[in-house]
Each structure stands twice: as C-alpha cells, then as structure tokens.
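Undergrad: Data file protein.cif (mmCIF, C-alpha atoms (C1' of nucleotides)) is appended below.
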data_target
loop_
_atom_site.group_PDB
_atom_site.id
_atom_site.type_symbol
_atom_site.label_atom_id
_atom_site.label_comp_id
_atom_site.auth_asym_id
_atom_site.auth_seq_id
_atom_site.Cartn_x
_atom_site.Cartn_y
_atom_site.Cartn_z
ATOM 1 C CA MET O 4 -13.415 57.943 31.038
ATOM 2 C CA MET O 5 -10.677 55.393 30.592
ATOM 3 C CA ARG O 6 -9.009 54.539 33.865
ATOM 4 C CA HIS O 7 -5.351 53.712 33.767
ATOM 5 C CA ARG O 8 -3.971 50.758 35.621
ATOM 6 C CA PRO O 9 -1.391 51.707 38.190
ATOM 7 C CA GLN O 10 1.966 51.001 36.610
ATOM 8 C CA LEU O 11 2.777 47.326 36.961
ATOM 9 C CA PRO O 12 6.132 46.331 38.417
ATOM 10 C CA ARG O 13 8.730 44.835 36.121
ATOM 11 C CA PRO O 14 8.273 41.066 36.097
ATOM 12 C CA THR O 15 11.273 38.985 37.110
ATOM 13 C CA GLU O 16 12.706 36.368 34.796
ATOM 14 C CA ALA O 17 10.679 33.518 36.241
ATOM 15 C CA GLU O 18 7.555 35.665 36.296
ATOM 16 C CA LEU O 19 8.014 36.560 32.653
ATOM 17 C CA GLU O 20 8.254 32.884 31.819
ATOM 18 C CA LEU O 21 4.784 32.361 33.271
ATOM 19 C CA LEU O 22 3.355 35.468 31.636
ATOM 20 C CA ASN O 23 4.582 34.270 28.241
ATOM 21 C CA ILE O 24 2.655 31.059 28.680
ATOM 22 C CA LEU O 25 -0.469 32.906 29.788
ATOM 23 C CA TRP O 26 -0.309 35.267 26.814
ATOM 24 C CA GLU O 27 0.102 32.385 24.425
ATOM 25 C CA LYS O 28 -2.356 29.895 25.840
ATOM 26 C CA GLY O 29 -4.788 32.089 27.708
ATOM 27 C CA PRO O 30 -5.965 31.812 31.321
ATOM 28 C CA ALA O 31 -4.638 28.754 33.088
ATOM 29 C CA THR O 32 -4.427 26.919 36.371
ATOM 30 C CA VAL O 33 -1.303 26.286 38.398
ATOM 31 C CA ARG O 34 -1.213 22.777 36.996
ATOM 32 C CA ASP O 35 -1.419 23.986 33.430
ATOM 33 C CA LEU O 36 1.427 26.399 34.003
ATOM 34 C CA HIS O 37 3.534 23.908 35.867
ATOM 35 C CA GLN O 38 3.210 21.394 33.079
ATOM 36 C CA ALA O 39 4.113 23.982 30.474
ATOM 37 C CA VAL O 40 7.211 25.100 32.370
ATOM 38 C CA ALA O 41 8.248 21.562 33.282
ATOM 39 C CA VAL O 42 8.700 20.807 29.597
ATOM 40 C CA LYS O 43 11.618 23.209 29.509
ATOM 41 C CA ARG O 44 13.163 22.727 32.925
ATOM 42 C CA THR O 45 12.645 20.930 36.198
ATOM 43 C CA ILE O 46 10.606 22.847 38.724
ATOM 44 C CA GLY O 47 8.304 21.838 41.546
ATOM 45 C CA TYR O 48 4.574 22.400 41.463
ATOM 46 C CA THR O 49 4.583 24.512 44.591
ATOM 47 C CA SER O 50 7.283 26.744 43.157
ATOM 48 C CA VAL O 51 4.937 27.718 40.360
ATOM 49 C CA LEU O 52 2.102 28.137 42.824
ATOM 50 C CA LYS O 53 4.171 30.421 45.032
ATOM 51 C CA LEU O 54 5.272 32.472 42.044
ATOM 52 C CA LEU O 55 1.664 32.990 41.029
ATOM 53 C CA GLN O 56 0.687 34.007 44.544
ATOM 54 C CA ILE O 57 3.441 36.615 44.542
ATOM 55 C CA MET O 58 2.450 37.774 41.080
ATOM 56 C CA THR O 59 -1.103 38.203 42.306
ATOM 57 C CA GLU O 60 0.119 40.390 45.166
ATOM 58 C CA LYS O 61 2.159 42.454 42.726
ATOM 59 C CA GLY O 62 -0.819 42.841 40.432
ATOM 60 C CA LEU O 63 0.837 41.085 37.507
ATOM 61 C CA VAL O 64 -1.941 38.495 37.336
ATOM 62 C CA GLU O 65 -5.478 38.193 38.555
ATOM 63 C CA ARG O 66 -7.173 34.989 39.580
ATOM 64 C CA GLU O 67 -10.609 33.580 39.567
ATOM 65 C CA GLU O 68 -11.217 31.579 42.703
ATOM 66 C CA SER O 69 -14.580 30.154 41.752
ATOM 67 C CA GLY O 70 -13.741 26.482 41.290
ATOM 68 C CA LYS O 71 -11.357 24.330 43.218
ATOM 69 C CA ALA O 72 -8.380 25.179 41.071
ATOM 70 C CA HIS O 73 -7.909 28.925 40.664
ATOM 71 C CA ILE O 74 -7.613 30.324 37.194
ATOM 72 C CA TYR O 75 -4.936 32.890 36.513
ATOM 73 C CA ARG O 76 -4.896 35.507 33.805
ATOM 74 C CA PRO O 77 -2.374 38.245 32.995
ATOM 75 C CA VAL O 78 -3.264 41.818 33.888
ATOM 76 C CA GLY O 79 -0.946 43.645 31.502
ATOM 77 C CA THR O 80 -0.887 42.799 27.825
ATOM 78 C CA GLN O 81 2.126 41.308 26.118
ATOM 79 C CA GLN O 82 2.566 44.521 24.146
ATOM 80 C CA GLU O 83 2.561 46.681 27.240
ATOM 81 C CA THR O 84 5.112 44.493 28.920
ATOM 82 C CA GLN O 85 7.307 44.341 25.858
ATOM 83 C CA SER O 86 7.212 48.113 25.606
ATOM 84 C CA GLN O 87 8.066 48.536 29.253
ATOM 85 C CA LEU O 88 11.048 46.202 29.098
ATOM 86 C CA VAL O 89 12.291 47.446 25.751
ATOM 87 C CA ARG O 90 12.174 50.995 27.030
ATOM 88 C CA GLU O 91 14.065 50.109 30.180
ATOM 89 C CA MET O 92 16.617 48.169 28.199
ATOM 90 C CA SER O 93 17.138 51.013 25.767
ATOM 91 C CA GLU O 94 17.709 53.327 28.694
ATOM 92 C CA ARG O 95 20.160 51.111 30.493
ATOM 93 C CA LEU O 96 21.970 49.836 27.425
ATOM 94 C CA PHE O 97 21.634 52.483 24.717
ATOM 95 C CA SER O 98 21.352 55.765 26.608
ATOM 96 C CA GLY O 99 17.642 55.843 26.002
ATOM 97 C CA SER O 100 17.706 55.431 22.250
ATOM 98 C CA ALA O 101 15.234 52.756 21.237
ATOM 99 C CA ALA O 102 16.357 53.269 17.666
ATOM 100 C CA ALA O 103 19.919 52.373 18.590
ATOM 101 C CA LEU O 104 18.568 49.229 20.177
ATOM 102 C CA ALA O 105 16.653 48.443 16.995
ATOM 103 C CA ILE O 106 19.719 48.960 14.863
ATOM 104 C CA HIS O 107 21.772 46.721 17.082
ATOM 105 C CA ALA O 108 19.164 43.983 17.128
ATOM 106 C CA LEU O 109 18.787 44.169 13.386
ATOM 107 C CA SER O 110 22.456 43.908 12.580
ATOM 108 C CA MET O 111 22.719 40.820 14.697
ATOM 109 C CA GLU O 112 20.289 38.277 13.451
ATOM 110 C CA PRO O 113 18.779 36.660 10.427
ATOM 111 C CA VAL O 114 15.640 38.522 9.460
ATOM 112 C CA SER O 115 12.793 37.056 7.451
ATOM 113 C CA ASP O 116 11.457 38.695 4.312
ATOM 114 C CA ARG O 117 8.224 39.405 6.052
ATOM 115 C CA GLU O 118 10.002 41.197 8.841
ATOM 116 C CA LEU O 119 12.090 43.152 6.358
ATOM 117 C CA GLU O 120 8.896 44.322 4.692
ATOM 118 C CA GLU O 121 7.440 45.380 7.989
ATOM 119 C CA LEU O 122 10.572 47.298 8.850
ATOM 120 C CA ARG O 123 10.591 49.120 5.544
ATOM 121 C CA HIS O 124 7.002 50.039 6.047
ATOM 122 C CA LEU O 125 7.716 51.358 9.528
ATOM 123 C CA ILE O 126 10.595 53.433 8.249
ATOM 124 C CA GLU O 127 8.452 54.910 5.494
ATOM 125 C CA GLN O 128 5.884 55.900 8.098
ATOM 126 C CA LYS O 129 8.527 57.530 10.239
ATOM 127 C CA ARG O 130 9.883 59.418 7.254
ATOM 128 C CA LYS O 131 6.559 60.930 6.430
ATOM 129 C CA GLN O 132 5.955 62.321 9.903
ATOM 130 C CA PRO O 133 9.117 63.617 11.506
ATOM 131 C CA MET Z 25 45.070 31.503 17.249
ATOM 132 C CA MET Z 26 42.513 33.814 18.803
ATOM 133 C CA ARG Z 27 41.550 32.708 22.284
ATOM 134 C CA HIS Z 28 38.000 33.310 23.339
ATOM 135 C CA ARG Z 29 37.210 34.758 26.699
ATOM 136 C CA PRO Z 30 35.103 32.474 28.812
ATOM 137 C CA GLN Z 31 31.553 33.784 28.511
ATOM 138 C CA LEU Z 32 31.078 36.651 30.923
ATOM 139 C CA PRO Z 33 28.111 36.559 33.288
ATOM 140 C CA ARG Z 34 25.248 38.917 32.693
ATOM 141 C CA PRO Z 35 25.910 42.135 34.593
ATOM 142 C CA THR Z 36 23.308 43.205 37.119
ATOM 143 C CA GLU Z 37 21.638 46.585 36.894
ATOM 144 C CA ALA Z 38 24.096 48.315 39.207
ATOM 145 C CA GLU Z 39 27.018 46.624 37.510
ATOM 146 C CA LEU Z 40 25.835 47.801 34.122
ATOM 147 C CA GLU Z 41 25.685 51.326 35.450
ATOM 148 C CA LEU Z 42 29.389 51.162 36.243
ATOM 149 C CA LEU Z 43 30.277 49.477 32.963
ATOM 150 C CA ASN Z 44 28.534 52.249 31.029
ATOM 151 C CA ILE Z 45 30.729 54.807 32.735
ATOM 152 C CA LEU Z 46 33.861 52.789 32.061
ATOM 153 C CA TRP Z 47 32.995 52.390 28.394
ATOM 154 C CA GLU Z 48 32.345 56.071 28.029
ATOM 155 C CA LYS Z 49 35.186 57.533 30.053
ATOM 156 C CA GLY Z 50 37.779 54.771 29.952
ATOM 157 C CA PRO Z 51 39.628 53.134 32.851
ATOM 158 C CA ALA Z 52 38.846 54.716 36.181
ATOM 159 C CA THR Z 53 39.368 54.492 39.904
ATOM 160 C CA VAL Z 54 36.719 53.820 42.515
ATOM 161 C CA ARG Z 55 36.638 57.528 43.229
ATOM 162 C CA ASP Z 56 36.068 58.416 39.600
ATOM 163 C CA LEU Z 57 33.236 55.957 39.356
ATOM 164 C CA HIS Z 58 31.673 56.962 42.624
ATOM 165 C CA GLN Z 59 31.646 60.590 41.590
ATOM 166 C CA ALA Z 60 30.086 59.742 38.250
ATOM 167 C CA VAL Z 61 27.341 57.655 39.815
ATOM 168 C CA ALA Z 62 26.719 60.099 42.649
ATOM 169 C CA VAL Z 63 25.632 62.687 40.101
ATOM 170 C CA LYS Z 64 22.596 60.569 39.319
ATOM 171 C CA ARG Z 65 21.764 59.079 42.690
ATOM 172 C CA THR Z 66 23.009 58.871 46.256
ATOM 173 C CA ILE Z 67 25.356 56.006 46.913
ATOM 174 C CA GLY Z 68 28.204 55.450 49.345
ATOM 175 C CA TYR Z 69 31.807 55.214 48.264
ATOM 176 C CA THR Z 70 32.247 51.746 49.702
ATOM 177 C CA SER Z 71 29.174 50.505 47.883
ATOM 178 C CA VAL Z 72 30.878 51.285 44.596
ATOM 179 C CA LEU Z 73 34.090 49.735 45.855
ATOM 180 C CA LYS Z 74 32.316 46.556 46.842
ATOM 181 C CA LEU Z 75 30.547 46.354 43.527
ATOM 182 C CA LEU Z 76 33.854 46.614 41.701
ATOM 183 C CA GLN Z 77 35.395 43.915 43.880
ATOM 184 C CA ILE Z 78 32.521 41.604 43.025
ATOM 185 C CA MET Z 79 32.770 42.514 39.358
ATOM 186 C CA THR Z 80 36.452 41.664 39.455
ATOM 187 C CA GLU Z 81 35.644 38.234 40.883
ATOM 188 C CA LYS Z 82 33.067 37.702 38.164
ATOM 189 C CA GLY Z 83 35.530 38.725 35.487
ATOM 190 C CA LEU Z 84 33.478 41.696 34.332
ATOM 191 C CA VAL Z 85 36.342 44.112 35.022
ATOM 192 C CA GLU Z 86 40.069 43.863 35.521
ATOM 193 C CA ARG Z 87 42.107 46.083 37.743
ATOM 194 C CA GLU Z 88 45.590 47.413 37.821
ATOM 195 C CA GLU Z 89 46.910 47.458 41.345
ATOM 196 C CA SER Z 90 50.131 49.312 40.663
ATOM 197 C CA GLY Z 91 49.428 52.625 42.365
ATOM 198 C CA LYS Z 92 47.626 53.301 45.584
ATOM 199 C CA ALA Z 93 44.238 53.576 43.979
ATOM 200 C CA HIS Z 94 43.451 50.623 41.719
ATOM 201 C CA ILE Z 95 42.426 51.318 38.178
ATOM 202 C CA TYR Z 96 39.490 49.406 36.763
ATOM 203 C CA ARG Z 97 38.791 48.644 33.134
ATOM 204 C CA PRO Z 98 35.977 46.663 31.514
ATOM 205 C CA VAL Z 99 36.780 43.200 30.170
ATOM 206 C CA GLY Z 100 33.965 42.834 27.659
ATOM 207 C CA THR Z 101 33.286 45.533 25.105
ATOM 208 C CA GLN Z 102 30.113 47.567 25.074
ATOM 209 C CA GLN Z 103 29.101 45.906 21.804
ATOM 210 C CA GLU Z 104 29.562 42.419 23.190
ATOM 211 C CA THR Z 105 27.510 43.241 26.230
ATOM 212 C CA GLN Z 106 24.785 44.902 24.218
ATOM 213 C CA SER Z 107 24.602 41.868 21.965
ATOM 214 C CA GLN Z 108 24.427 39.513 24.897
ATOM 215 C CA LEU Z 109 21.618 41.401 26.576
ATOM 216 C CA VAL Z 110 19.698 42.086 23.395
ATOM 217 C CA ARG Z 111 19.860 38.408 22.529
ATOM 218 C CA GLU Z 112 18.641 37.374 25.957
ATOM 219 C CA MET Z 113 15.877 39.936 25.828
ATOM 220 C CA SER Z 114 14.744 38.813 22.401
ATOM 221 C CA GLU Z 115 14.626 35.258 23.680
ATOM 222 C CA ARG Z 116 12.670 36.037 26.812
ATOM 223 C CA LEU Z 117 10.405 38.646 25.309
ATOM 224 C CA PHE Z 118 10.056 37.898 21.594
ATOM 225 C CA SER Z 119 10.526 34.128 21.336
ATOM 226 C CA GLY Z 120 14.054 34.605 20.097
ATOM 227 C CA SER Z 121 13.302 36.974 17.251
ATOM 228 C CA ALA Z 122 15.688 39.894 17.380
ATOM 229 C CA ALA Z 123 13.872 41.331 14.381
ATOM 230 C CA ALA Z 124 10.611 41.385 16.309
ATOM 231 C CA LEU Z 125 12.405 43.245 19.050
ATOM 232 C CA ALA Z 126 13.719 45.730 16.510
ATOM 233 C CA ILE Z 127 10.280 46.275 15.057
ATOM 234 C CA HIS Z 128 8.812 46.845 18.455
ATOM 235 C CA ALA Z 129 11.524 49.273 19.488
ATOM 236 C CA LEU Z 130 11.185 51.156 16.245
ATOM 237 C CA SER Z 131 7.447 51.601 16.417
ATOM 238 C CA MET Z 132 7.758 53.068 19.848
ATOM 239 C CA GLU Z 133 10.074 56.010 19.767
ATOM 240 C CA PRO Z 134 11.094 59.077 17.890
ATOM 241 C CA VAL Z 135 13.870 58.221 15.481
ATOM 242 C CA SER Z 136 16.376 60.676 14.105
ATOM 243 C CA ASP Z 137 16.995 61.072 10.375
ATOM 244 C CA ARG Z 138 20.466 59.728 10.814
ATOM 245 C CA GLU Z 139 19.128 56.609 12.463
ATOM 246 C CA LEU Z 140 16.505 56.206 9.783
ATOM 247 C CA GLU Z 141 19.241 56.307 7.176
ATOM 248 C CA GLU Z 142 21.227 53.706 9.032
ATOM 249 C CA LEU Z 143 18.216 51.450 9.279
ATOM 250 C CA ARG Z 144 17.450 51.722 5.595
ATOM 251 C CA HIS Z 145 21.027 50.881 4.851
ATOM 252 C CA LEU Z 146 20.892 47.855 7.105
ATOM 253 C CA ILE Z 147 17.716 46.651 5.491
ATOM 254 C CA GLU Z 148 19.203 47.004 2.040
ATOM 255 C CA GLN Z 149 22.154 44.914 3.144
ATOM 256 C CA LYS Z 150 19.894 42.250 4.521
ATOM 257 C CA ARG Z 151 17.855 42.209 1.335
ATOM 258 C CA LYS Z 152 20.879 41.544 -0.794
ATOM 259 C CA GLN Z 153 22.083 38.540 1.181
ATOM 260 C CA PRO Z 154 19.223 36.412 2.411
ATOM 261 C "C1'" DA M 29 55.756 61.279 66.258
ATOM 262 C "C1'" DG M 30 51.114 62.464 65.535
ATOM 263 C "C1'" DT M 31 47.378 63.520 62.641
ATOM 264 C "C1'" DC M 32 44.841 63.744 58.514
ATOM 265 C "C1'" DA M 33 43.290 62.169 54.098
ATOM 266 C "C1'" DC M 34 42.595 58.497 51.187
ATOM 267 C "C1'" DC M 35 42.765 53.813 49.987
ATOM 268 C "C1'" DT M 36 41.333 48.605 50.091
ATOM 269 C "C1'" DA M 37 39.309 44.661 52.447
ATOM 270 C "C1'" DC M 38 35.885 42.461 54.944
ATOM 271 C "C1'" DG M 39 31.598 41.322 57.113
ATOM 272 C "C1'" DA M 40 27.144 41.786 57.421
ATOM 273 C "C1'" DA M 41 22.499 43.747 57.104
ATOM 274 C "C1'" DA M 42 18.483 44.498 54.165
ATOM 275 C "C1'" DC M 43 16.167 43.208 50.389
ATOM 276 C "C1'" DT M 44 14.747 40.422 46.309
ATOM 277 C "C1'" DT M 45 14.287 36.185 43.871
ATOM 278 C "C1'" DT M 46 13.748 31.315 43.451
ATOM 279 C "C1'" DT M 47 12.770 27.092 45.266
ATOM 280 C "C1'" DC M 48 10.306 23.650 47.825
ATOM 281 C "C1'" DG M 49 8.521 21.005 52.124
ATOM 282 C "C1'" DT M 50 4.718 20.727 55.093
ATOM 283 C "C1'" DT M 51 0.097 21.379 56.346
ATOM 284 C "C1'" DG M 52 -4.731 21.310 56.035
ATOM 285 C "C1'" DA M 53 -8.926 21.353 53.118
ATOM 286 C "C1'" DC M 54 -11.874 18.903 50.112
ATOM 287 C "C1'" DA M 55 -13.757 15.481 47.078
ATOM 288 C "C1'" DA M 56 -13.774 11.049 44.677
ATOM 289 C "C1'" DG M 57 -13.314 6.332 44.883
ATOM 290 C "C1'" DT M 58 -13.229 1.848 47.759
ATOM 291 C "C1'" DA K 4 -15.382 5.551 57.256
ATOM 292 C "C1'" DC K 5 -10.874 5.435 55.125
ATOM 293 C "C1'" DT K 6 -7.561 6.170 51.717
ATOM 294 C "C1'" DT K 7 -5.919 8.570 47.824
ATOM 295 C "C1'" DG K 8 -5.333 12.489 44.839
ATOM 296 C "C1'" DT K 9 -5.524 17.356 44.070
ATOM 297 C "C1'" DC K 10 -5.599 21.847 45.632
ATOM 298 C "C1'" DA K 11 -4.076 26.462 48.090
ATOM 299 C "C1'" DA K 12 -1.595 28.559 51.884
ATOM 300 C "C1'" DC K 13 2.312 29.323 54.464
ATOM 301 C "C1'" DG K 14 6.947 29.460 56.127
ATOM 302 C "C1'" DA K 15 11.353 29.251 55.293
ATOM 303 C "C1'" DA K 16 15.734 28.002 53.193
ATOM 304 C "C1'" DA K 17 19.061 29.198 49.631
ATOM 305 C "C1'" DA K 18 20.931 32.191 46.501
ATOM 306 C "C1'" DG K 19 21.666 36.673 44.468
ATOM 307 C "C1'" DT K 20 21.822 41.768 44.834
ATOM 308 C "C1'" DT K 21 22.629 46.158 46.943
ATOM 309 C "C1'" DT K 22 24.116 48.849 50.499
ATOM 310 C "C1'" DC K 23 27.256 50.531 53.920
ATOM 311 C "C1'" DG K 24 29.950 50.561 58.536
ATOM 312 C "C1'" DT K 25 34.223 49.452 60.438
ATOM 313 C "C1'" DA K 26 38.951 48.302 60.423
ATOM 314 C "C1'" DG K 27 43.578 48.540 58.893
ATOM 315 C "C1'" DG K 28 47.185 50.230 55.771
ATOM 316 C "C1'" DT K 29 49.978 53.989 53.718
ATOM 317 C "C1'" DG K 30 51.745 58.297 52.571
ATOM 318 C "C1'" DA K 31 51.860 63.346 53.358
ATOM 319 C "C1'" DC K 32 51.921 67.215 56.067
ATOM 320 C "C1'" DT K 33 52.912 69.559 60.486
#
Take the structure in the file and give it back as structure tokens.

TA:
Amino acid sequence: MMRHRPQLPRPTEAELELLNILWEKGPATVRDLHQAVAVKRTIGYTSVLKLLQIMTEKGLVEREESGKAHIYRPVGTQQETQSQLVREMSERLFSGSAAALAIHALSMEPVSDRELEELRHLIEQKRKQP
Amino acid sequence: MMRHRPQLPRPTEAELELLNILWEKGPATVRDLHQAVAVKRTIGYTSVLKLLQIMTEKGLVEREESGKAHIYRPVGTQQETQSQLVREMSERLFSGSAAALAIHALSMEPVSDRELEELRHLIEQKRKQP
DNA sequence: AGTCACCTACGAAACTTTTCGTTGACAAGT
DNA sequence: ACTTGTCAACGAAAAGTTTCGTAGGTGACT
C-alpha cells in the first residue's frame, strides 16, 4: 500500500530557490547550495544553513548526517511542487481555472515550436476525453 | 505621450483578495469589502481598513475621500496583475518559460470546450508568427 | 445636549520570512 | 600542542505581513 506524504507546506521564495538547485543538481551540502545561490546574489553562508535547517523542520528537505557536512535532498518532487503552486495561483488569480491561467501564460510569451507541438498534443488528448 | 505608472509592488495574498473583489464589483468602501471578505472567512472590519491604508501607501489602490466613507479603486488592472504574477511564477517555478507553465497547468485540470477552442486559436496564432 | 451609529487613523501585537553573528566542535596541517 | 579552516547549532535582529483594539471625529436621531 502506497503511503502518502503528509501535505508539504508551500515553500517560501528563498526556499524555492534552494529547491530548484536541489532538483537540478541533486543532493547537495550547504556549501554547494551557498555557492550556487551566491552566483546570483549576495548571501551569507549561515543564511543558507539556517534556511535548510528550517526546511528540514518543515519537511521540505531531508538530510543525511553521516559525514561531517550534511547532505540535503528535496522531499517533494519538482512536479508536485509545481502543481501545488500552479493550483494555488490559479485559485487566487483566476478563480480556480487552471485553463485560464494557461491561456494567459500562453498569450504572453514567445513559445518554441516544440512547446507548441506539446500543447497541441495536450489539447487533442483533452478533446478526446471530455 | 502615454505615461507609464511606476511598477506596482507585488500584492500580498490578503491584498490580492481585496483586489479581486474590486476588479469584480468595482470601486467600493471598506464596509463593502469587509462584507465581501467576511463571507469567506472571519476578519475584523479594521483589519480590512488597515490593509486598504497600506495598499494606498503602496500605490495598489487609490481612494476618493469626498464623502464620509472613502471609496477605493484598484490602480493596476486585473490583466496587468495577472501578467506580473504569472511572469514571476514562471521565472521562479519554470526557469522563465511561461509556455512550460501553461503546459503544466493544462495537463492538470479539467478544461471546458470553450477554453479548448480559445487555446487552439491561440496556438494557431502563434504558429503563424514565429 | 446627549446618545448612537459609523467612519478613519494609529499603534501595536503576533506571526512569518530573511539575514547573519557568535559559538563550539572537529580535523588537518605546522 | 597550536593554529587554521570547515562545519552545524543557536539566538536574535530586521523586515514584512496580518490582525485587531482603542481613540477620536462627525452626523443623525431623540
């Protein structure tokens, strides 16, 4: 029997920044994460450390404490988190219509051919099973 | 010459709740807004008042002080705000790809026929002008 | 005039988020 | 043994968000 995780809290902006790095690069130490963030903006090492400690309490990440430097890994997947935030955004911004969000996003930005193909495919799927 | 508004700050969650009501129902007093919010959740009258005072400082709303009860109206349009938040979300959650956000939103939710039509139309437009 | 109803303004408490300094542990190099 | 570098833990400051109590003003009704 598949056990569900208790619903994870919504990550804050700074927390999401760390999760993005973890999803892209895999499990990492505080130093790894600090270096990755420091490329984009100035932030102290202990700020990243504290963030990760809070994220561990919240259940957003887990850590392996075997070695000297702990290794952090995300608990939720990127997909799950994207879904959670997209759903919340569609509720708060488009009265719950994810499709309205999609339409808005689409009419806003350059879209690659590959993405256009994917969208057409998705729409075909939706058409077949209403 | 069209003057641009200085970029409005991102509304907080509670602020967005009030803006949604203003966009839907038009300019309103504190009482109007409090009543509308109180339908969904318990909140004190002065909490709404304070929020609106802060939003006025931030430039998110303007108020007419002519009568006894001030009348508040949104400064940014719903579209502008949606675009701002969708863009920020696509940056933080999909590496800046609004199309990826659209795809994700679309694959998640029931979509009405009308929305499907609109999406197909949008995609056709995009195809014609790459 | 006194009271009631309704309004804004203000301050501040409670909470969350972000940031970082300080401390103490531990190991590697001198 | 001592110094240096790296690490986690902790506390706390600073800023932002959300909530509401209290005070003071104004007009209407008795």

Undergrad: Care to translate the PyMOL selection byres ((chain Z) within 6 of (chain O)) into actual residues of this file, as a PyMOL selection string?

TA: chain Z and resi 122-123+126+129-130+135

Undergrad: Can you work out the spacing between atom CA of Thr101 of chain Z and atom CA of Arg29 of chain Z in Å, to one decimal?

TA: 11.6 Å

Undergrad: Using all atoms listed in the file, pick whichever of M:DA42, M:DC48, M:DA29, M:DC35 has the shortest atom-to-atom distance to DA15 of chain K.

TA: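 Smallest distance to DA15 of chain K is found for M:DC48.
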
Undergrad: Write out, as JSON lines, each residue of chain M that has an atom at most 9 Å from chain O, together with the closest pair of atoms and their distance in Å to one decimal, counting all atoms listed in the file, rows going by chain and rising number.

TA:
{"residue": "M:DT45", "atom": "C1'", "partner": "O:Thr15", "partner_atom": "CA", "distance": 7.9}
{"residue": "M:DT46", "atom": "C1'", "partner": "O:Ser50", "partner_atom": "CA", "distance": 7.9}
{"residue": "M:DT47", "atom": "C1'", "partner": "O:Ser50", "partner_atom": "CA", "distance": 5.9}
{"residue": "M:DC48", "atom": "C1'", "partner": "O:Ser50", "partner_atom": "CA", "distance": 6.4}
{"residue": "M:DC54", "atom": "C1'", "partner": "O:Lys71", "partner_atom": "CA", "distance": 8.8}

Undergrad: Carefully work through the PyMOL selection byres ((chain O) within 9 of (chain K)) for this structure and note down the residues it includes, as a compact mmCIF listing (two decimals) with C-alpha atoms, keeping the file's coordinate frame.

TA:
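Done, and the output landed in expr.txt:
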# COMPACT_ATOMS: atom_id res chain seq x y z
CA LEU O 52 2.10 28.14 42.82
CA LYS O 71 -11.36 24.33 43.22
CA ALA O 72 -8.38 25.18 41.07
CA HIS O 73 -7.91 28.92 40.66

Undergrad: How many Å separate atom CA of Arg66 of chain O from atom CA of Val40 of chain O?

TA: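 So the two atoms, atom CA of Arg66 of chain O and atom CA of Val40 of chain O, lie 18.9 Å apart.
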